[in-house]
file run-v5.cif (mmCIF, C-alpha atoms)
data_final
#
loop_
_atom_site.label_atom_id
_atom_site.label_comp_id
_atom_site.auth_asym_id
_atom_site.auth_seq_id
_atom_site.Cartn_x
_atom_site.Cartn_y
_atom_site.Cartn_z
CA MET S 144 112.21 55.80 103.23
CA VAL S 145 113.92 58.03 100.66
CA SER S 146 111.56 59.50 98.10
CA SER S 147 112.40 59.69 94.39
CA ILE S 148 114.29 62.72 93.06
CA GLY S 149 111.46 63.16 90.58
CA PRO S 150 111.26 64.59 87.03
CA GLN S 151 113.31 67.63 86.05
CA TYR S 152 112.61 70.25 83.35
CA GLY S 153 114.57 70.08 80.09
CA PRO S 154 114.40 73.77 79.03
CA ASP S 155 116.11 74.98 82.25
CA ASP S 156 119.31 76.94 81.81
CA HIS S 157 122.48 75.50 83.38
CA PHE S 158 122.14 77.07 86.84
CA LYS S 159 118.38 76.59 87.09
CA ALA S 160 118.78 72.91 86.20
CA ALA S 161 121.39 72.53 88.95
CA ALA S 162 119.21 74.39 91.48
CA ARG S 163 116.10 72.38 90.55
CA LEU S 164 118.02 69.14 91.03
CA HIS S 165 119.38 70.41 94.35
CA GLN S 166 115.88 71.24 95.62
CA SER S 167 114.54 67.91 94.36
CA ALA S 168 117.29 66.07 96.22
CA TYR S 169 116.66 68.09 99.40
CA ARG S 170 112.96 67.20 99.28
CA ALA S 171 113.70 63.51 98.69
CA LYS S 172 116.63 63.00 101.05
CA VAL S 173 116.06 65.54 103.84
CA LEU S 174 112.31 66.15 103.93
CA LYS S 175 111.63 62.60 102.70
CA VAL S 176 108.29 63.45 101.15
CA ASP S 177 106.83 62.84 97.72
CA PHE S 178 106.76 65.29 94.80
CA ASP S 179 104.03 66.84 92.68
CA LYS S 180 104.75 66.81 88.91
CA TYR S 181 108.40 67.97 89.17
CA GLY S 182 110.91 66.97 91.80
CA ASN S 183 111.15 70.48 93.27
CA ARG S 184 107.41 70.71 94.00
CA LEU S 185 105.88 69.56 97.26
CA THR S 186 102.53 67.83 97.40
CA GLU S 187 99.68 69.95 98.70
CA SER S 188 99.72 68.21 102.09
CA ALA S 189 103.47 68.86 102.50
CA GLY S 190 103.06 72.45 101.36
CA ARG S 191 100.24 73.02 103.81
CA ALA S 192 102.45 71.52 106.53
CA LEU S 193 104.90 74.41 105.77
CA LEU S 194 107.79 72.10 104.91
CA ASN S 195 109.07 74.79 102.54
CA TYR S 196 109.99 76.89 105.59
CA TYR S 197 112.48 76.67 108.41
CA ASP S 198 110.96 75.23 111.57
CA GLY S 199 112.28 77.69 114.11
CA LEU S 200 113.25 81.30 114.94
CA GLY S 201 109.76 82.55 114.13
CA VAL S 202 109.91 81.81 110.39
CA ARG S 203 106.62 79.96 110.04
CA GLU S 204 104.88 82.37 112.40
CA ALA S 205 106.05 85.35 110.29
CA LEU S 206 104.76 83.60 107.16
CA ARG S 207 101.32 83.01 108.62
CA GLN S 208 101.13 86.55 109.97
CA ARG S 209 101.78 87.90 106.49
CA TYR S 210 99.92 85.21 104.53
CA PRO S 211 97.25 83.42 106.58
CA THR S 212 96.20 81.12 103.71
CA TYR S 213 97.94 78.52 101.56
CA SER S 214 99.43 79.36 98.16
CA LYS S 215 100.61 76.55 95.91
CA SER S 216 103.17 78.69 94.05
CA ARG S 217 104.65 80.11 97.27
CA ASP S 218 104.30 77.26 99.74
CA ALA S 219 104.79 74.17 97.56
CA ASP S 220 107.39 75.18 94.97
CA MET S 221 110.85 74.83 96.48
CA LEU S 222 112.56 76.47 93.48
CA ARG S 223 110.62 79.73 93.17
CA SER S 224 111.96 82.59 95.25
CA GLU S 225 108.59 83.66 96.76
CA HIS S 226 109.13 81.71 99.98
CA ILE S 227 112.83 82.50 100.40
CA PRO S 228 112.58 85.95 102.09
CA PHE S 229 110.87 84.30 105.06
CA ASN S 230 113.66 81.74 105.48
CA LEU S 231 116.38 84.38 105.03
CA PHE S 232 115.00 87.32 107.00
CA ALA S 233 112.18 86.40 109.40
CA PRO S 234 114.67 85.48 112.18
CA LEU S 235 115.94 89.08 112.17
CA ILE S 236 112.60 90.47 113.37
CA ASP S 237 113.28 89.89 117.06
CA ARG S 238 117.08 90.00 116.91
CA PRO S 239 118.25 93.62 116.65
CA GLU S 240 121.92 92.88 117.37
CA LEU S 241 122.06 90.32 114.56
CA THR S 242 120.30 92.81 112.25
CA LYS S 243 122.78 95.53 113.16
CA ARG S 244 125.80 93.30 112.41
CA LEU S 245 124.33 92.09 109.13
CA MET S 246 123.45 95.54 107.86
CA TYR S 247 126.94 96.77 108.62
CA ARG S 248 128.64 93.83 106.94
CA ILE S 249 126.40 93.91 103.86
CA LEU S 250 125.99 97.66 103.43
CA GLY S 251 128.85 99.22 105.36
CA VAL S 252 126.21 101.29 107.16
CA GLU S 253 125.78 101.56 110.93
CA LEU S 254 122.01 101.07 111.06
CA LEU S 255 120.69 101.50 114.59
CA SER S 256 117.63 100.01 116.29
CA PRO S 257 114.74 100.06 116.80
CA TYR S 258 114.11 98.47 113.42
CA GLN S 259 111.02 98.08 111.33
CA ILE S 260 111.31 94.77 109.46
CA LYS S 261 108.58 93.85 107.02
CA LEU S 262 108.28 90.85 104.70
CA GLU S 263 106.58 91.17 101.30
CA TRP S 264 105.72 94.79 101.98
CA ALA S 265 104.93 98.02 100.13
CA PRO S 266 103.99 101.45 101.50
CA LYS S 267 100.34 102.45 101.24
CA PRO S 268 98.39 103.93 99.65
CA ALA S 269 100.01 102.84 96.38
CA GLU S 270 98.77 106.02 94.67
CA LYS S 271 101.09 108.08 96.84
CA TYR S 272 104.07 106.15 95.50
CA LEU S 273 104.35 104.38 92.12
CA GLY S 274 100.66 103.56 91.82
CA ASP S 275 101.34 99.92 91.01
CA ARG S 276 102.01 96.64 92.83
CA THR S 277 105.76 97.03 93.26
CA SER S 278 106.84 95.79 96.70
CA PHE S 279 109.93 94.78 98.62
CA ASP S 280 110.61 91.14 99.44
CA THR S 281 112.01 92.48 102.70
CA TYR S 282 112.08 96.03 104.04
CA ILE S 283 114.26 97.16 106.95
CA LYS S 284 114.14 100.67 108.40
CA GLY S 285 116.36 102.19 111.09
CA MET S 286 118.41 105.26 111.92
CA ASP S 287 122.03 105.82 110.94
CA ASP S 288 124.65 107.29 113.28
CA ARG S 289 123.80 110.77 111.98
CA GLY S 290 120.14 110.47 112.99
CA ARG S 291 118.87 110.00 109.43
CA VAL S 292 116.02 107.60 108.68
CA VAL S 293 117.35 104.89 106.35
CA GLY S 294 115.24 102.37 104.47
CA VAL S 295 116.69 99.20 102.95
CA GLY S 296 114.61 97.51 100.25
CA ILE S 297 115.66 93.93 99.53
CA GLU S 298 114.81 91.88 96.45
CA VAL S 299 115.54 88.13 96.58
CA LYS S 300 116.32 86.13 93.47
CA TYR S 301 117.18 82.44 93.24
CA THR S 302 117.20 81.23 89.63
CA GLU S 303 115.04 84.07 88.26
CA GLN S 304 116.39 86.36 85.58
CA GLY S 305 114.57 89.05 83.61
CA TYR S 306 110.87 88.95 82.78
CA ARG S 307 108.68 90.04 79.91
CA LEU S 308 106.77 93.29 79.99
CA GLY S 309 103.11 92.93 80.98
CA PRO S 310 100.32 95.11 79.56
CA SER S 311 99.74 97.24 82.68
CA GLU S 312 103.44 97.80 83.23
CA ALA S 313 103.90 98.60 79.54
CA LEU S 314 101.58 101.59 79.88
CA ARG S 315 103.86 103.10 82.53
CA VAL S 316 107.08 102.19 80.74
CA LYS S 317 105.95 103.76 77.46
CA ASN S 318 104.53 106.93 79.04
CA PRO S 319 107.24 109.54 79.80
CA GLY S 320 104.81 111.20 82.22
CA SER S 321 104.25 108.07 84.32
CA THR S 322 105.39 107.76 87.94
CA TYR S 323 108.26 105.54 86.75
CA TRP S 324 109.82 108.26 84.63
CA THR S 325 108.93 111.26 86.77
CA THR S 326 110.47 109.55 89.81
CA THR S 327 113.53 108.67 87.74
CA ARG S 328 113.98 112.26 86.59
CA GLU S 329 113.35 113.84 89.98
CA SER S 330 115.60 111.47 91.94
CA GLY S 331 118.85 112.91 90.59
CA VAL S 332 120.66 109.57 90.86
CA PHE S 333 120.77 108.56 87.18
CA THR S 334 123.30 109.73 84.60
CA ASN S 335 120.55 109.78 81.96
CA SER S 336 117.07 109.95 83.45
CA GLY S 337 115.48 109.02 80.14
CA CYS S 338 117.69 106.00 79.45
CA LYS S 339 115.55 103.31 77.83
CA LEU S 340 117.86 100.56 79.13
CA LEU S 341 116.24 100.98 82.56
CA ALA S 342 113.01 99.52 81.20
CA THR S 343 114.50 96.47 79.49
CA ASP S 344 113.55 92.98 80.62
CA ASP S 345 116.88 92.38 82.37
CA LEU S 346 116.92 95.62 84.39
CA ARG S 347 113.28 96.55 84.92
CA GLN S 348 112.79 94.69 88.23
CA ILE S 349 115.88 96.33 89.73
CA TRP S 350 114.65 99.70 88.46
CA ARG S 351 111.13 99.35 89.88
CA ASN S 352 112.31 98.34 93.35
CA HIS S 353 114.86 101.15 93.31
CA LEU S 354 112.17 103.63 92.22
CA LEU S 355 109.81 102.62 95.02
CA GLY S 356 112.45 103.48 97.61
CA LEU S 357 113.41 106.68 95.82
CA LYS S 358 109.75 107.71 95.82
CA MET S 359 109.54 107.00 99.56
CA ARG S 360 112.51 109.30 100.00
CA ALA S 361 110.92 111.95 97.80
CA VAL S 362 107.66 112.06 99.79
CA GLY S 363 109.57 112.36 103.07
CA ASP S 364 109.26 108.85 104.51
CA LEU S 365 113.06 108.43 104.45
CA ASP S 366 116.25 110.44 104.36
CA ARG S 367 118.16 107.73 102.54
CA PHE S 368 117.18 104.60 100.59
CA ILE S 369 119.43 101.62 99.83
CA SER S 370 118.34 99.01 97.29
CA VAL S 371 119.80 95.52 97.70
CA THR S 372 119.43 92.41 95.54
CA ILE S 373 120.37 89.07 97.10
CA PHE S 374 121.05 86.14 94.78
CA PRO S 375 123.18 82.96 94.59
CA SER S 376 126.66 83.33 93.10
CA GLY S 377 125.67 80.83 90.41
CA ASN S 378 123.05 83.23 89.04
CA GLY S 379 125.46 85.09 86.78
CA HIS S 380 122.59 86.88 85.07
CA MET S 381 121.77 88.87 88.21
CA SER S 382 125.40 89.76 88.83
CA ASP S 383 125.69 91.07 85.27
CA ALA S 384 122.36 92.93 85.44
CA LEU S 385 123.33 94.70 88.67
CA SER S 386 126.68 95.70 87.20
CA ARG S 387 124.98 97.16 84.12
CA TYR S 388 122.41 98.98 86.25
CA GLN S 389 125.17 100.45 88.43
CA GLY S 390 126.68 101.85 85.23
CA LEU S 391 123.55 103.96 84.73
CA LEU S 392 123.86 105.66 88.13
CA ALA S 393 125.64 108.87 88.99
CA ASP S 394 128.55 108.47 91.41
CA GLU S 395 126.54 109.66 94.39
CA GLY S 396 123.90 106.98 93.75
CA LYS S 397 126.15 103.97 93.24
CA SER S 398 126.67 103.15 96.93
CA ASP S 399 122.89 102.98 97.45
CA LEU S 400 122.44 100.16 94.93
CA GLN S 401 124.09 96.95 96.03
CA GLY S 402 124.18 93.23 95.44
CA CYS S 403 124.93 90.45 97.91
CA THR S 404 125.22 86.72 97.21
CA PHE S 405 123.46 84.08 99.25
CA GLU S 406 126.91 82.78 100.11
CA ARG S 407 128.05 86.09 101.62
CA TYR S 408 124.79 86.63 103.49
CA ILE S 409 124.87 83.17 105.06
CA ASP S 410 128.55 83.49 105.91
CA PHE S 411 127.80 86.74 107.77
CA LEU S 412 125.36 85.00 110.15
CA GLN S 413 126.94 84.58 113.55
CA GLY S 414 125.40 83.75 116.90
CA GLY S 415 124.57 80.97 119.32
CA ALA S 416 123.50 77.41 118.63
CA ASP S 417 120.09 78.48 117.30
CA ILE S 418 121.69 80.78 114.72
CA GLU S 419 124.24 78.13 113.73
CA GLU S 420 121.42 75.62 113.15
CA TRP S 421 119.56 78.14 110.98
CA LYS S 422 122.78 78.91 109.10
CA ALA S 423 123.35 75.21 108.43
CA PHE S 424 119.79 74.90 107.14
CA LEU S 425 120.28 77.80 104.71
CA GLN S 426 123.56 76.33 103.43
CA ASP S 427 122.05 72.88 102.89
CA ARG S 428 118.83 74.18 101.45
CA TYR S 429 119.96 76.83 98.96
CA LEU S 430 123.66 76.57 98.12
CA VAL S 431 124.02 74.44 95.03
CA LYS S 432 126.89 72.00 95.40
CA GLY S 433 129.52 71.33 92.75
CA PRO S 434 130.17 73.14 89.43
CA VAL S 435 127.30 75.10 87.91
#
call {"tool": "encode", "arguments": {"input": "run-v5.cif", "output": "structure tokens"}}
result
Amino acid sequence: MVSSIGPQYGPDDHFKAAARLHQSAYRAKVLKVDFDKYGNRLTESAGRALLNYYDGLGVREALRQRYPTYSKSRDADMLRSEHIPFNLFAPLIDRPELTKRLMYRILGVELLSPYQIKLEWAPKPAEKYLGDRTSFDTYIKGMDDRGRVVGVGIEVKYTEQGYRLGPSEALRVKNPGSTYWTTTRESGVFTNSGCKLLATDDLRQIWRNHLLGLKMRAVGDLDRFISVTIFPSGNGHMSDALSRYQGLLADEGKSDLQGCTFERYIDFLQGGADIEEWKAFLQDRYLVKGPV
């Protein structure tokens, strides 16, 4: 039995509307389960059954290791990006050769094993770093061919764009002596370390994730940090935001701030039948068909 596509959400922008419809159709036609309020939301029973996650290659096990308990926003909403890092990156944990090939194709860096791969992770204690809740959707650490410790911090976006400034974050943004601005000044990678554009709604998430890695480098955890944002090609907002952020970096910092589309990432996946099945899942699940 095919379930109904379910209600959509009128205020969505063009790409988000297309992605919501795509997720609603996937739930109805592939998962064949009912919806909760909007078509892209699983019922609690389906969410608890982990239908939002790939059934294979250690994805669900990695989720439960990181998050032992159910979360409606993460586990039942097929549109929000909170669950996506597990589907995109958990299979890399026990596959160093695949990780090596991907890092080279995405970053142009020969990153050597052994790797540390963490999902939804931040270094601790927070007070040693930015002193807030900034974290990486995925963090990969290895050595380059020169023996340097390299950390790669990955942020995953699906339909998300910028976000409004919250009260706690506002205190740091407005204080020139906060860890945000001191890390910015001391990093040496910005053309103008006091540029207020860094703290705007469109760029602030990129900035914070970049700063966390730069602070890890400053305290000696890493020799090099590379910040990567992965997003669908239809999310033109993220492509534009990354381009504008790159324009605020000195030449020596530009190569350590990169973007990669879902399409490129998935295309780079190569392996045996198990990898091809996972690749097909990612294509069907996340790549919005037709014009957006």
call {"tool": "resolve_selection", "arguments": {"input": "run-v5.cif", "expression": "the PyMOL selection byres ((chain S and resi 249) around 9)", "output": "list in words"}}
result
Arg244, Leu245, Met246, Tyr247, Arg248, Leu250, Gly251, Val252, Gln401, Gly402, Cys403, Arg407, Tyr408 and Phe411 of chain S
call {"tool": "closest_atom_pairs", "arguments": {"input": "run-v5.cif", "of": "segment 228-271 of chain S", "to": "segment 296-311 of chain S", "cutoff": "12 Å", "atoms": "only C-alpha atoms", "output": "Markdown table"}}
result
| residue | atom | partner | partner_atom | distance |
| --- | --- | --- | --- | --- |
| S:Pro228 | CA | S:Val299 | CA | 6.6 |
| S:Phe229 | CA | S:Val299 | CA | 10.4 |
| S:Asn230 | CA | S:Val299 | CA | 11.1 |
| S:Leu231 | CA | S:Val299 | CA | 9.3 |
| S:Phe232 | CA | S:Ile297 | CA | 10.0 |
| S:Met246 | CA | S:Ile297 | CA | 11.5 |
| S:Ile249 | CA | S:Ile297 | CA | 11.6 |
| S:Leu250 | CA | S:Ile297 | CA | 11.7 |
| S:Gln259 | CA | S:Gly296 | CA | 11.7 |
| S:Ile260 | CA | S:Gly296 | CA | 10.2 |
| S:Lys261 | CA | S:Gly296 | CA | 9.8 |
| S:Leu262 | CA | S:Ile297 | CA | 9.5 |
| S:Glu263 | CA | S:Glu298 | CA | 9.6 |
| S:Trp264 | CA | S:Gly296 | CA | 9.5 |
| S:Ala265 | CA | S:Gly296 | CA | 9.7 |
| S:Pro266 | CA | S:Gly296 | CA | 11.4 |
call {"tool": "resolve_selection", "arguments": {"input": "run-v5.cif", "expression": "the PyMOL selection byres ((chain S and resi 196-205) around 9)", "output": "list in words"}}
result
Leu193, Leu194, Asn195, Leu206, Arg207, Gln208, Arg209, Tyr210, Asp218, His226, Ile227, Phe229, Asn230, Leu231, Phe232, Ala233, Pro234, Leu235, Ile236, Asp237, Leu262, Asp417, Ile418, Trp421, Phe424 and Leu425 of chain S
call {"tool": "resolve_selection", "arguments": {"input": "run-v5.cif", "expression": "the PyMOL selection byres ((chain S and resi 367) around 7)", "output": "PDB file with C-alpha atoms, in the coordinates of the input"}}
result
ATOM      1  CA  VAL S 292     116.020 107.600 108.680  1.00  0.00           C
ATOM      2  CA  VAL S 293     117.350 104.890 106.350  1.00  0.00           C
ATOM      3  CA  GLY S 294     115.240 102.370 104.470  1.00  0.00           C
ATOM      4  CA  ARG S 360     112.510 109.300 100.000  1.00  0.00           C
ATOM      5  CA  LEU S 365     113.060 108.430 104.450  1.00  0.00           C
ATOM      6  CA  ASP S 366     116.250 110.440 104.360  1.00  0.00           C
ATOM      7  CA  PHE S 368     117.180 104.600 100.590  1.00  0.00           C
ATOM      8  CA  ILE S 369     119.430 101.620  99.830  1.00  0.00           C
TER       9      ILE S 369
END
call {"tool": "residues_near_point", "arguments": {"input": "run-v5.cif", "point": "(114.7, 99.6, 78.0)", "cutoff": "12 Å", "atoms": "all atoms listed in the file", "output": "list in words"}}
result
Gly305, Arg307, Leu308, Ala313, Val316, Lys317, Trp324, Ser336, Gly337, Cys338, Lys339, Leu340, Leu341, Ala342, Thr343, Asp344, Asp345, Leu346, Arg347, Gln348, Trp350, Tyr388 and Leu391 of chain S
call {"tool": "atom_distance", "arguments": {"input": "run-v5.cif", "atom1": "atom CA of Arg291 of chain S", "atom2": "atom CA of Asp410 of chain S"}}
result
28.4 Å
call {"tool": "residues_near_point", "arguments": {"input": "run-v5.cif", "point": "(127.3, 70.6, 94.4)", "cutoff": "12 Å", "atoms": "only C-alpha atoms", "output": "VMD selection string"}}
result
chain S and resid 158 161 to 166 168 377 426 to 435
call {"tool": "closest_residue", "arguments": {"input": "run-v5.cif", "among": "S:Ser278, S:Ser330, S:Ser146, S:Ser224", "to": "Val176 of chain S", "atoms": "all atoms listed in the file"}}
result
S:Ser146
call {"tool": "atom_distance", "arguments": {"input": "run-v5.cif", "atom1": "atom CA of Ser398 of chain S", "atom2": "atom CA of Ser370 of chain S"}}
result
9.3 Å
call {"tool": "axis_aligned_box", "arguments": {"input": "run-v5.cif", "around": "segment 245-250 of chain S", "padding_each_side": "4 Å", "output": "AutoDock Vina command-line options"}}
result
--center_x 126.0 --center_y 94.9 --center_z 106.3 --size_x 13.2 --size_y 13.6 --size_z 13.7
call {"tool": "atom_distance", "arguments": {"input": "run-v5.cif", "atom1": "atom CA of Ala423 of chain S", "atom2": "atom CA of Ser147 of chain S"}}
result
23.6 Å
call {"tool": "closest_residue", "arguments": {"input": "run-v5.cif", "among": "S:Val371, S:Tyr213, S:Phe333, S:Phe279", "to": "Ala393 of chain S", "atoms": "only C-alpha atoms"}}
result
S:Phe333
call {"tool": "closest_residue", "arguments": {"input": "run-v5.cif", "among": "S:Glu240, S:Gly285, S:Thr277, S:Tyr152", "to": "Tyr258 of chain S", "atoms": "only C-alpha atoms"}}
result
S:Gly285
call {"tool": "closest_residue", "arguments": {"input": "run-v5.cif", "among": "S:Thr334, S:Ser256, S:Gln413, S:Thr186", "to": "Asp394 of chain S", "atoms": "only C-alpha atoms"}}
result
S:Thr334
call {"tool": "closest_residue", "arguments": {"input": "run-v5.cif", "among": "S:Leu314, S:Met221, S:Leu392, S:Leu255", "to": "Ala171 of chain S", "atoms": "all atoms listed in the file"}}
result
S:Met221
call {"tool": "closest_residue", "arguments": {"input": "run-v5.cif", "among": "S:Asp364, S:Tyr181, S:Pro268, S:Arg276", "to": "Gly153 of chain S", "atoms": "all atoms listed in the file"}}
result
S:Tyr181
call {"tool": "residues_around", "arguments": {"input": "run-v5.cif", "residues": "Ser214 of chain S", "least_positions_apart": "3", "cutoff": "10 Å", "atoms": "all atoms listed in the file", "output": "JSON, numbers by chain"}}
result
{"S": [187, 190, 191, 210, 211, 217, 218, 219, 220]}
call {"tool": "decode", "arguments": {"input": "run-v5.cif", "residues": "segment 163-183 of chain S", "atoms": "N, CA and C atoms", "output": "CSV table (one decimal), in the first residue's frame"}}
result
chain,number,residue,atom,x,y,z
S,163,ARG,N,11.2,19.2,0.3
S,163,ARG,CA,10.1,18.6,1.1
S,163,ARG,C,9.2,17.6,0.4
S,164,LEU,N,8.9,18.0,-0.8
S,164,LEU,CA,8.0,17.1,-1.7
S,164,LEU,C,8.8,15.8,-2.0
S,165,HIS,N,10.1,16.0,-2.3
S,165,HIS,CA,10.9,14.8,-2.5
S,165,HIS,C,11.0,13.8,-1.4
S,166,GLN,N,11.2,14.4,-0.1
S,166,GLN,CA,11.2,13.6,1.1
S,166,GLN,C,9.8,12.9,1.4
S,167,SER,N,8.8,13.7,1.1
S,167,SER,CA,7.4,13.2,1.3
S,167,SER,C,7.1,12.0,0.4
S,168,ALA,N,7.6,12.2,-0.9
S,168,ALA,CA,7.4,11.1,-1.8
S,168,ALA,C,8.2,9.9,-1.5
S,169,TYR,N,9.4,10.1,-1.0
S,169,TYR,CA,10.3,8.9,-0.6
S,169,TYR,C,9.6,8.2,0.6
S,170,ARG,N,9.1,8.9,1.5
S,170,ARG,CA,8.4,8.3,2.7
S,170,ARG,C,7.2,7.4,2.2
S,171,ALA,N,6.4,8.1,1.3
S,171,ALA,CA,5.2,7.4,0.8
S,171,ALA,C,5.5,6.2,-0.1
S,172,LYS,N,6.4,6.4,-1.0
S,172,LYS,CA,6.5,5.4,-2.1
S,172,LYS,C,7.6,4.4,-1.8
S,173,VAL,N,8.6,4.8,-1.0
S,173,VAL,CA,9.7,3.8,-0.8
S,173,VAL,C,9.6,3.2,0.6
S,174,LEU,N,9.5,4.1,1.6
S,174,LEU,CA,9.3,3.5,3.0
S,174,LEU,C,7.9,3.0,3.2
S,175,LYS,N,6.9,3.6,2.5
S,175,LYS,CA,5.5,3.1,2.6
S,175,LYS,C,5.0,3.2,4.0
S,176,VAL,N,5.2,4.3,4.7
S,176,VAL,CA,4.7,4.5,6.0
S,176,VAL,C,3.9,5.8,6.0
S,177,ASP,N,3.1,6.0,7.1
S,177,ASP,CA,2.3,7.2,7.2
S,177,ASP,C,3.1,8.4,7.6
S,178,PHE,N,2.5,9.6,7.6
S,178,PHE,CA,3.2,10.8,8.0
S,178,PHE,C,2.6,11.4,9.3
S,179,ASP,N,3.3,12.3,9.8
S,179,ASP,CA,2.9,13.1,11.0
S,179,ASP,C,2.9,14.5,10.7
S,180,LYS,N,1.7,15.1,10.5
S,180,LYS,CA,1.5,16.6,10.3
S,180,LYS,C,1.9,17.0,8.9
S,181,TYR,N,3.2,16.9,8.5
S,181,TYR,CA,3.6,17.2,7.2
S,181,TYR,C,4.2,15.9,6.5
S,182,GLY,N,4.2,15.9,5.2
S,182,GLY,CA,4.5,14.7,4.5
S,182,GLY,C,5.9,14.2,4.7
S,183,ASN,N,6.8,15.2,5.1
S,183,ASN,CA,8.2,14.8,5.3
S,183,ASN,C,8.5,14.3,6.7
